[in-house]
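Read the structure below first, then the notes.
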Amino acid sequence: MLSFLIFDGDRRATSRVLRHAYLVGPDGVPVAGEVHFEDGLVHCVKATAEAVGLATQVDLDEATLAEFAGEIDPDQSPLRPLGSLTLTTCLLPERKTPYLLSLELARHQIMLLLNKLEEWQLFDLDPSHPIMRTFEAARSSFTRSLVAQRKDGAGEHFGFSVESHRLALLALWHAVEAGEQLALHDATRRFGPRCNGTGYDAAVEAVQGGPPAGARGTTPVANPNGTGVVLATRPAVGCVASPSAFSEASQRAMLNACDFVSVPMRWVDLEPNEGQYAYSPTDRWIEWAVRTARIPVAGGPVIDFSPECVPEWLFIWENDYETLRELVYEHMKAVVTRYRRTVSRWTVVSGLHANSNFKLSFEQMMDLTRICVLVVRKLHSSARIQVEISQPWGEYYTTSRGSLPPMLYAEMLAQAGIHVDSIGLRLTMGTPSTGGGTRDLLTLSAMLDRYAALERPIAVSLAGAPSATLPAADGKPELAPGWWRSPWSESSQADWLSAAMTIALSKPFVESVCWAEIADTPRPGPVPRSGLLARDGHPRPALERLSDIRRAAQTATPPEHVASLCVLDPSAASVKA
């Protein structure tokens with residue numbers, strides 16, 4: 001039995017909607033199981049005997065701050081809201097009595113912070129550094145929470161006192177704050193060496209038997225200080241340009257903010273009726289990019305079986321794999337043949353591992369991926385080929401039994417002899433969908449580090465957050481999108497863009513980042529209301545931030561806005577002795 005106690009104020013919670021709740025196993029891999037709430041307890045029913053953790057969305061907002069207000073020195077400035085974030089516990093064995101959820105969430109966040117201090121070689125930070133002071137506040141509150149478990153009144157709460165819960169919440173707050181500061185600190189110190197090439201030069205010198213002298217400028221090398229590879233070229237900044245977003249304002253924005261344009265090629269747009277292709281809307285962006293802007297074009301995903309990308313006529317063949325396979329081959333052949341003179345990088349497939357629409361077996365997933373890669377290799381041998389992971393945290397795997405965990409899918413490509421040049425990751429935050437919950441910056445940075453173990457260049461093929469809070473679908477409050485620092489707005493969207501892209505661009509294995517949409521369109525993409533331009537054409541603050549990110553990469557200087565995102569003095573959150 002694995003269960004967790006939840007407090008609501010000074011008593012056990014009587015009702016709770018569990019949002020983005022799922023089980024996690026070793027290495028962050030989701031585990032099949034069920035999670036439900038009853039009488040103050042979260043019950044976890046798992047299909048495995050191994051230890052697992054619980055991931056769930058937690059409110060670190062003004063209302064939660066009030067729960068432990070008595071533990072904060074009133075003479076100091078208050079803590080700031082951190083958001084409604086999906087957080088995870090450590091892996092825990094089964095036991096008869098429940099765990100305290102707030103305590104276990106704090107334990108994992110502190111553990112992750114310690115791991116990253118070691119992995120990023122930041123243990124030499126001075127104890128007076130704001131990050132270390134905030135971390136010490138987290139550790140102190142966590143220790144006091146452990147001591148307070150058995151105080152008066154704990155018997156009616158399975159041995160946990162209300163004070164223990166409040167101190168655990170305070171520890172979690174400090175740990176999340178310190179983790180975000182650490183992620184941004186690591187990003188800013190690595191940003192320059194990553195973008196100006198000195199990080200690559202140092203890696204070449206450190207790796208024994210590095211690449212031949214003639215290839216030193218282009219060949220990736222193994223990272224001597226960690227997992228993954230170190231890339232030679234400066235990371236590129238791009239943006240998705242949907243066919244319906246083509247306008248003069250969008251063109252100006254793209255020219256000023258981006259190194260490349262990513263043109264989606266949804267099957268439903270290119271072939272709405274079987275055998276009848278409609279290329280014109282897509283042609284406009286590609287022609288503009290090649291002839292006017294003279295910037296590279298990334299095309300795809302070409303094959304994406306998500307409901308919004310599949311033409312209705314294709315569903316006739318969803319249970320006839322041989323015919324489906326032939327249709328995929330012919331479609332890939334037609335699209336690549338048309339655009340092979342203009343597209344330099346192809347995202348051939350996206351989200352096959354999630355198996356969310358057309359139900360495929362493992363062998364069929366691998367077979368379709370292989371076919372798509374081989375078509376591009378044959379028709380456009382000079383192009384770079386990319387496979388996209390649509391939900392990199394893999395929440396879908398807990399309920400979709402026919403799916404594959406994202407990392408396993410990527411690993412199996414190499415084992416099956418399917419060579420791709422890079423792995424694309426979609427980072428969508430704040431959307432009311434599976435996998436669309438909001439994460440803190442340390443968790444985001446740690447996730448990118450996990451994919452580095454694939455020893456392939458990583459491209460953030462789509463990163464996006466909305467410019468306004470998106471309501472959860474009717475009847476699905478468990479998919480509430482969450483928020484970061486403040487409810488989603490044009491301002492918080494711009495701040496998140498600055499932070500997330502700086503972290504991604506600082507990674508030695510990340511070759512490019514791409515924003516979700518250049519402009520809002522009548523038919524929203526993966527992240528509604530994420531456009532750099534609003535529907536009426538006015539630019540949002542995120543557009544200027546993306547331009548700043550691009551200039552920062554060109555000058556190898558961390559963006560100015562990032563420094564202001566972690567300004568909290570931990571002394572402003574002094575804990576009473």
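Residues in the structure tokens are numbered from 1 in each chain, the chains being A, B, ... in the order shown, and ligands are numbered from 1 in the order shown.
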Notebook entry, point to check: So which residues touch Ser381 in chain A within 12 Å, counting only C-alpha atoms, skipping near sequence neighbours fewer than 6 positions away, as a list in words?
Noted result: Val336, Thr337, Arg340, Arg341, Val343, Ser344, Arg345, Trp346, Val373, Leu374, Val375 and Asp421 of chain A
How would the residues just picked look written out with N, CA and C atoms as a CSV table (one decimal), in the first residue's frame?
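Here's the written file again.csv:
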chain,number,residue,atom,x,y,z
A,336,VAL,N,8.6,15.3,-49.3
A,336,VAL,CA,10.0,15.5,-49.4
A,336,VAL,C,10.5,15.9,-50.8
A,337,THR,N,9.9,15.2,-51.8
A,337,THR,CA,10.2,15.5,-53.2
A,337,THR,C,9.9,17.0,-53.5
A,340,ARG,N,12.5,19.4,-51.1
A,340,ARG,CA,13.9,19.0,-50.8
A,340,ARG,C,14.9,20.0,-51.2
A,341,ARG,N,14.6,20.9,-52.1
A,341,ARG,CA,15.5,22.0,-52.5
A,341,ARG,C,15.5,23.2,-51.5
A,343,VAL,N,14.1,22.8,-47.8
A,343,VAL,CA,14.2,22.5,-46.4
A,343,VAL,C,15.5,21.9,-46.1
A,344,SER,N,16.1,22.3,-45.0
A,344,SER,CA,17.5,21.8,-44.6
A,344,SER,C,17.4,20.8,-43.5
A,345,ARG,N,16.3,20.8,-42.7
A,345,ARG,CA,16.1,19.9,-41.6
A,345,ARG,C,14.7,19.4,-41.6
A,346,TRP,N,14.5,18.1,-41.5
A,346,TRP,CA,13.2,17.4,-41.5
A,346,TRP,C,12.9,16.8,-40.2
A,373,VAL,N,12.5,7.9,-42.1
A,373,VAL,CA,13.9,8.2,-42.1
A,373,VAL,C,14.5,7.8,-43.5
A,374,LEU,N,14.2,6.6,-43.9
A,374,LEU,CA,14.8,6.1,-45.2
A,374,LEU,C,14.3,6.9,-46.4
A,375,VAL,N,13.1,7.4,-46.4
A,375,VAL,CA,12.6,8.2,-47.5
A,375,VAL,C,13.4,9.5,-47.6
A,421,ASP,N,19.8,12.5,-36.9
A,421,ASP,CA,20.8,13.4,-36.6
A,421,ASP,C,20.6,14.1,-35.3
Q.
Report as a VMD selection string all protein, DNA and RNA residues lying within 9 Å of Glu395 in chain A, evaluated on only C-alpha atoms, omitting residues in the same chain fewer than 2 positions from it.
A. chain A and resid 20 to 24 29 to 31 391 to 393 397 to 399 405 434 to 435
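Taking the backbone of this structure through DSSP, the residues of range 87-228 of chain A that come out as strand (DSSP E) are A:Leu87, A:Thr88, A:Tyr99, A:Leu100, A:Val221, A:Ala222.
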Those selected residues, please, written with C-alpha atoms and delivered as a PDB file, in the first residue's frame.
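Generated file (selection_3.pdb):
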ATOM      1  CA  LEU A  87       6.303  18.266  -8.491  1.00  0.00           C
ATOM      2  CA  THR A  88       7.466  14.760  -7.603  1.00  0.00           C
ATOM      3  CA  TYR A  99       3.478   9.315   4.000  1.00  0.00           C
ATOM      4  CA  LEU A 100       3.075  13.089   4.425  1.00  0.00           C
ATOM      5  CA  VAL A 221      32.717  15.432 -29.019  1.00  0.00           C
ATOM      6  CA  ALA A 222      31.853  13.565 -25.844  1.00  0.00           C
TER       7      ALA A 222
END
For range 486-536 of chain A versus range 552-564 of chain A, which residues have an atom no more than 9 Å away, and what is each residue's nearest atom pair and distance in Å rounded to one decimal, using only C-alpha atoms, chain-then-number order, as JSON lines?
{"residue": "A:Asp495", "atom": "CA", "partner": "A:His561", "partner_atom": "CA", "distance": 7.7}
{"residue": "A:Ser498", "atom": "CA", "partner": "A:Val562", "partner_atom": "CA", "distance": 6.3}
{"residue": "A:Ala499", "atom": "CA", "partner": "A:Val562", "partner_atom": "CA", "distance": 6.0}
{"residue": "A:Thr502", "atom": "CA", "partner": "A:Pro558", "partner_atom": "CA", "distance": 7.4}
{"residue": "A:Leu505", "atom": "CA", "partner": "A:Ala553", "partner_atom": "CA", "distance": 7.9}
Applying 12 Å and only C-alpha atoms, which residues near Cys195 in chain A remain after dropping the ones on its own chain fewer than 5 positions away? List them as a PyMOL selection string.
chain A and resi 187-190+200-201+230-237+502+504-512+549-558
The distance between CA of Lys476 in chain A and CA of Pro432 in chain A is 8.6 Å
Q | For Leu442 in chain A: contacts at 6 Å, only C-alpha atoms, fewer than 3 positions along chain excluded, given as a ChimeraX atom specification | A | /A:179-180,183,445
Residue subset to file, keeping C-alpha atoms, as an mmCIF file, in the first residue's frame:
data_model
loop_
_atom_site.group_PDB
_atom_site.id
_atom_site.type_symbol
_atom_site.label_atom_id
_atom_site.label_comp_id
_atom_site.auth_asym_id
_atom_site.auth_seq_id
_atom_site.Cartn_x
_atom_site.Cartn_y
_atom_site.Cartn_z
ATOM 1 C CA GLY A 179 16.375 25.160 -7.434
ATOM 2 C CA GLU A 180 15.190 27.799 -9.870
ATOM 3 C CA ALA A 183 19.181 26.415 -12.769
ATOM 4 C CA SER A 445 16.837 21.706 -16.753
#
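Counting only C-alpha atoms, the residue from A:Leu454, A:Ala148, A:Ala249, A:Glu478 that sits nearest to Phe37 in chain A is A:Glu478.
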From the list A:Ala468, A:Leu444, A:Leu270, A:Cys258, the nearest residue to Ser547 in chain A using only C-alpha atoms is A:Cys258
**Request:** Identify all residues of range 287-484 of chain A in alpha helix (DSSP H) (DSSP on the backbone) and supply them as a VMD selection string.
**Result:** chain A and resid 287 321 to 339 362 to 379 406 to 415 441 to 452
Residues just named, written with C-alpha atoms as a PDB file, in the first residue's frame:
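And here's result31.pdb as it stands now:
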ATOM      1  CA  GLU A 287       9.356  30.905 -50.579  1.00  0.00           C
ATOM      2  CA  TYR A 321      -1.593  -1.312 -41.020  1.00  0.00           C
ATOM      3  CA  GLU A 322      -0.319  -2.455 -44.412  1.00  0.00           C
ATOM      4  CA  THR A 323      -2.411   0.164 -46.220  1.00  0.00           C
ATOM      5  CA  LEU A 324      -1.556   2.805 -43.604  1.00  0.00           C
ATOM      6  CA  ARG A 325       2.119   2.030 -44.068  1.00  0.00           C
ATOM      7  CA  GLU A 326       1.839   2.484 -47.835  1.00  0.00           C
ATOM      8  CA  LEU A 327      -0.024   5.780 -47.429  1.00  0.00           C
ATOM      9  CA  VAL A 328       2.648   7.069 -45.034  1.00  0.00           C
ATOM     10  CA  TYR A 329       5.359   6.144 -47.521  1.00  0.00           C
ATOM     11  CA  GLU A 330       3.612   7.863 -50.426  1.00  0.00           C
ATOM     12  CA  HIS A 331       2.879  10.981 -48.367  1.00  0.00           C
ATOM     13  CA  MET A 332       6.480  11.277 -47.158  1.00  0.00           C
ATOM     14  CA  LYS A 333       7.714  10.788 -50.700  1.00  0.00           C
ATOM     15  CA  ALA A 334       5.427  13.497 -52.095  1.00  0.00           C
ATOM     16  CA  VAL A 335       6.259  16.095 -49.425  1.00  0.00           C
ATOM     17  CA  VAL A 336      10.020  15.531 -49.386  1.00  0.00           C
ATOM     18  CA  THR A 337      10.196  15.543 -53.180  1.00  0.00           C
ATOM     19  CA  ARG A 338       8.433  18.915 -53.336  1.00  0.00           C
ATOM     20  CA  TYR A 339      10.485  20.674 -50.667  1.00  0.00           C
ATOM     21  CA  PHE A 362       5.956  -1.525 -30.901  1.00  0.00           C
ATOM     22  CA  GLU A 363       7.114  -3.113 -34.146  1.00  0.00           C
ATOM     23  CA  GLN A 364       4.838  -0.833 -36.162  1.00  0.00           C
ATOM     24  CA  MET A 365       6.135   2.297 -34.395  1.00  0.00           C
ATOM     25  CA  MET A 366       9.691   1.305 -35.260  1.00  0.00           C
ATOM     26  CA  ASP A 367       8.731   0.338 -38.799  1.00  0.00           C
ATOM     27  CA  LEU A 368       7.014   3.655 -39.573  1.00  0.00           C
ATOM     28  CA  THR A 369       9.889   5.608 -38.078  1.00  0.00           C
ATOM     29  CA  ARG A 370      12.369   3.639 -40.181  1.00  0.00           C
ATOM     30  CA  ILE A 371      10.350   4.193 -43.374  1.00  0.00           C
ATOM     31  CA  CYS A 372      10.147   7.943 -42.827  1.00  0.00           C
ATOM     32  CA  VAL A 373      13.874   8.228 -42.134  1.00  0.00           C
ATOM     33  CA  LEU A 374      14.804   6.129 -45.166  1.00  0.00           C
ATOM     34  CA  VAL A 375      12.596   8.171 -47.513  1.00  0.00           C
ATOM     35  CA  VAL A 376      14.440  11.357 -46.544  1.00  0.00           C
ATOM     36  CA  ARG A 377      17.842   9.643 -46.721  1.00  0.00           C
ATOM     37  CA  LYS A 378      17.045   8.493 -50.254  1.00  0.00           C
ATOM     38  CA  LEU A 379      15.440  11.651 -51.640  1.00  0.00           C
ATOM     39  CA  PRO A 406       9.763   8.608 -24.440  1.00  0.00           C
ATOM     40  CA  MET A 407      13.339   7.756 -23.455  1.00  0.00           C
ATOM     41  CA  LEU A 408      12.817   4.084 -24.293  1.00  0.00           C
ATOM     42  CA  TYR A 409      11.483   5.004 -27.728  1.00  0.00           C
ATOM     43  CA  ALA A 410      14.523   7.186 -28.398  1.00  0.00           C
ATOM     44  CA  GLU A 411      16.909   4.492 -27.163  1.00  0.00           C
ATOM     45  CA  MET A 412      15.233   1.818 -29.284  1.00  0.00           C
ATOM     46  CA  LEU A 413      15.782   3.876 -32.436  1.00  0.00           C
ATOM     47  CA  ALA A 414      19.533   3.450 -32.042  1.00  0.00           C
ATOM     48  CA  GLN A 415      19.218  -0.237 -31.169  1.00  0.00           C
ATOM     49  CA  LEU A 441      12.999  25.553 -13.944  1.00  0.00           C
ATOM     50  CA  LEU A 442      15.209  23.044 -12.112  1.00  0.00           C
ATOM     51  CA  THR A 443      12.955  20.174 -13.186  1.00  0.00           C
ATOM     52  CA  LEU A 444      13.041  21.464 -16.762  1.00  0.00           C
ATOM     53  CA  SER A 445      16.837  21.706 -16.753  1.00  0.00           C
ATOM     54  CA  ALA A 446      17.176  18.232 -15.208  1.00  0.00           C
ATOM     55  CA  MET A 447      14.891  16.767 -17.881  1.00  0.00           C
ATOM     56  CA  LEU A 448      17.091  18.163 -20.651  1.00  0.00           C
ATOM     57  CA  ASP A 449      20.119  16.621 -18.928  1.00  0.00           C
ATOM     58  CA  ARG A 450      18.415  13.196 -18.939  1.00  0.00           C
ATOM     59  CA  TYR A 451      17.983  13.333 -22.715  1.00  0.00           C
ATOM     60  CA  ALA A 452      21.659  14.202 -23.089  1.00  0.00           C
TER      61      ALA A 452
END
Please identify all polymer residues within 7 Å of Val302 in chain A, counting only C-alpha atoms, omitting same-chain residues fewer than 4 positions from it, and present them as an mmCIF file with N, CA and C atoms, in the first residue's frame.
data_model
loop_
_atom_site.group_PDB
_atom_site.id
_atom_site.type_symbol
_atom_site.label_atom_id
_atom_site.label_comp_id
_atom_site.auth_asym_id
_atom_site.auth_seq_id
_atom_site.Cartn_x
_atom_site.Cartn_y
_atom_site.Cartn_z
ATOM 1 N N MET A 265 4.005 20.913 -41.169
ATOM 2 C CA MET A 265 3.444 20.277 -42.365
ATOM 3 C C MET A 265 2.424 19.229 -41.952
ATOM 4 N N ARG A 266 1.336 19.724 -41.355
ATOM 5 C CA ARG A 266 0.282 18.817 -40.901
ATOM 6 C C ARG A 266 -0.365 18.126 -42.105
ATOM 7 N N TRP A 267 -0.533 16.847 -41.972
ATOM 8 C CA TRP A 267 -1.102 16.051 -43.055
ATOM 9 C C TRP A 267 -2.479 16.584 -43.442
ATOM 10 N N MET A 332 5.116 10.817 -47.411
ATOM 11 C CA MET A 332 6.480 11.277 -47.158
ATOM 12 C C MET A 332 7.201 11.546 -48.478
ATOM 13 N N THR A 347 11.782 17.201 -39.596
ATOM 14 C CA THR A 347 11.242 16.440 -38.470
ATOM 15 C C THR A 347 10.292 15.431 -39.092
ATOM 16 N N VAL A 348 10.731 14.180 -39.147
ATOM 17 C CA VAL A 348 9.990 13.206 -39.956
ATOM 18 C C VAL A 348 8.759 12.671 -39.227
ATOM 19 N N VAL A 349 8.881 12.411 -37.933
ATOM 20 C CA VAL A 349 7.734 11.911 -37.169
ATOM 21 C C VAL A 349 7.694 12.614 -35.815
#
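Every protein or nucleic acid residue with an atom no more than 9 Å from Glu163 in chain A, counting only C-alpha atoms and leaving out same-chain residues fewer than 3 positions away, appears here: Asp10, Phe68, Ser145, Ala148, Gln149, Lys151, Phe160, Arg166, Leu167 and Ala168 of chain A.
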Include N, CA and C atoms and write out the residues we just selected as a short mmCIF file (atom, residue, chain, number, x, y, z; two decimals), in the first residue's frame.
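Once everything was written out, this is result.cif:
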data_model
loop_
_atom_site.label_atom_id
_atom_site.label_comp_id
_atom_site.auth_asym_id
_atom_site.auth_seq_id
_atom_site.Cartn_x
_atom_site.Cartn_y
_atom_site.Cartn_z
N ASP A 10 -5.34 23.27 9.05
CA ASP A 10 -4.90 22.53 10.23
C ASP A 10 -5.63 21.20 10.39
N PHE A 68 1.55 28.70 6.36
CA PHE A 68 2.71 28.67 7.26
C PHE A 68 3.19 30.08 7.58
N SER A 145 10.76 19.92 10.36
CA SER A 145 9.52 19.20 10.06
C SER A 145 9.59 17.75 10.51
N ALA A 148 9.20 17.65 14.24
CA ALA A 148 7.86 18.04 14.72
C ALA A 148 6.79 16.99 14.44
N GLN A 149 7.14 15.87 13.83
CA GLN A 149 6.12 14.90 13.43
C GLN A 149 5.30 14.39 14.62
N LYS A 151 4.55 15.64 17.60
CA LYS A 151 4.05 16.57 18.60
C LYS A 151 2.57 16.34 18.88
N PHE A 160 1.51 12.52 12.08
CA PHE A 160 2.04 13.78 11.56
C PHE A 160 1.30 14.94 12.20
N ARG A 166 3.31 22.21 8.01
CA ARG A 166 3.60 23.59 7.67
C ARG A 166 5.10 23.81 7.43
N LEU A 167 5.92 23.20 8.25
CA LEU A 167 7.36 23.31 8.06
C LEU A 167 7.81 22.61 6.78
N ALA A 168 7.14 21.51 6.44
CA ALA A 168 7.47 20.81 5.19
C ALA A 168 7.11 21.68 3.99
#
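Comparing A:Trp515, A:Trp483, A:Trp488, A:Phe142 by their smallest distance to Val58 in chain A, the closest is A:Trp483 (using only C-alpha atoms).
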Enumerate, in order of chain and increasing residue number, the residues of range 181-252 of chain A with an atom no farther than 9 Å from range 113-126 of chain A, each with its shortest atom pair and distance in Å to one decimal, counting only C-alpha atoms, as CSV.
residue,atom,partner,partner_atom,distance
A:Leu182,CA,A:Leu113,CA,8.0
A:Ala183,CA,A:Lys116,CA,8.7
A:Asp186,CA,A:Trp120,CA,7.3
A:Asn225,CA,A:Trp120,CA,8.5
A:Gly226,CA,A:Glu119,CA,7.4
Restricting it to C-alpha atoms, dump the selection as a short mmCIF file (atom, residue, chain, number, x, y, z; two decimals), in the first residue's frame.
data_model
loop_
_atom_site.label_atom_id
_atom_site.label_comp_id
_atom_site.auth_asym_id
_atom_site.auth_seq_id
_atom_site.Cartn_x
_atom_site.Cartn_y
_atom_site.Cartn_z
CA LEU A 182 20.49 27.28 -9.29
CA ALA A 183 19.18 26.41 -12.77
CA ASP A 186 24.20 27.41 -14.08
CA ASN A 225 32.30 16.80 -17.58
CA GLY A 226 29.08 14.85 -17.92
#
Practice task
Give me the residues within 8 Å of Ser356 in chain A as a VMD selection string, counting only C-alpha atoms and dropping any in the same chain fewer than 3 places off.
Solution key: chain A and resid 305 to 306 359 400 403
Using C-alpha atoms, can you write the selected residues to a file as a CSV table (one decimal), in the first residue's frame?
chain,number,residue,atom,x,y,z
A,305,PHE,CA,-1.0,11.0,-35.8
A,306,SER,CA,-2.4,13.4,-33.1
A,359,LYS,CA,-3.0,2.3,-32.1
A,400,SER,CA,-1.9,4.3,-22.4
A,403,SER,CA,2.6,3.4,-25.7
In terms of only C-alpha atoms, the residue from A:Trp484, A:Phe191, A:Tyr279, A:Trp288 at minimal distance from Pro466 in chain A is A:Trp484
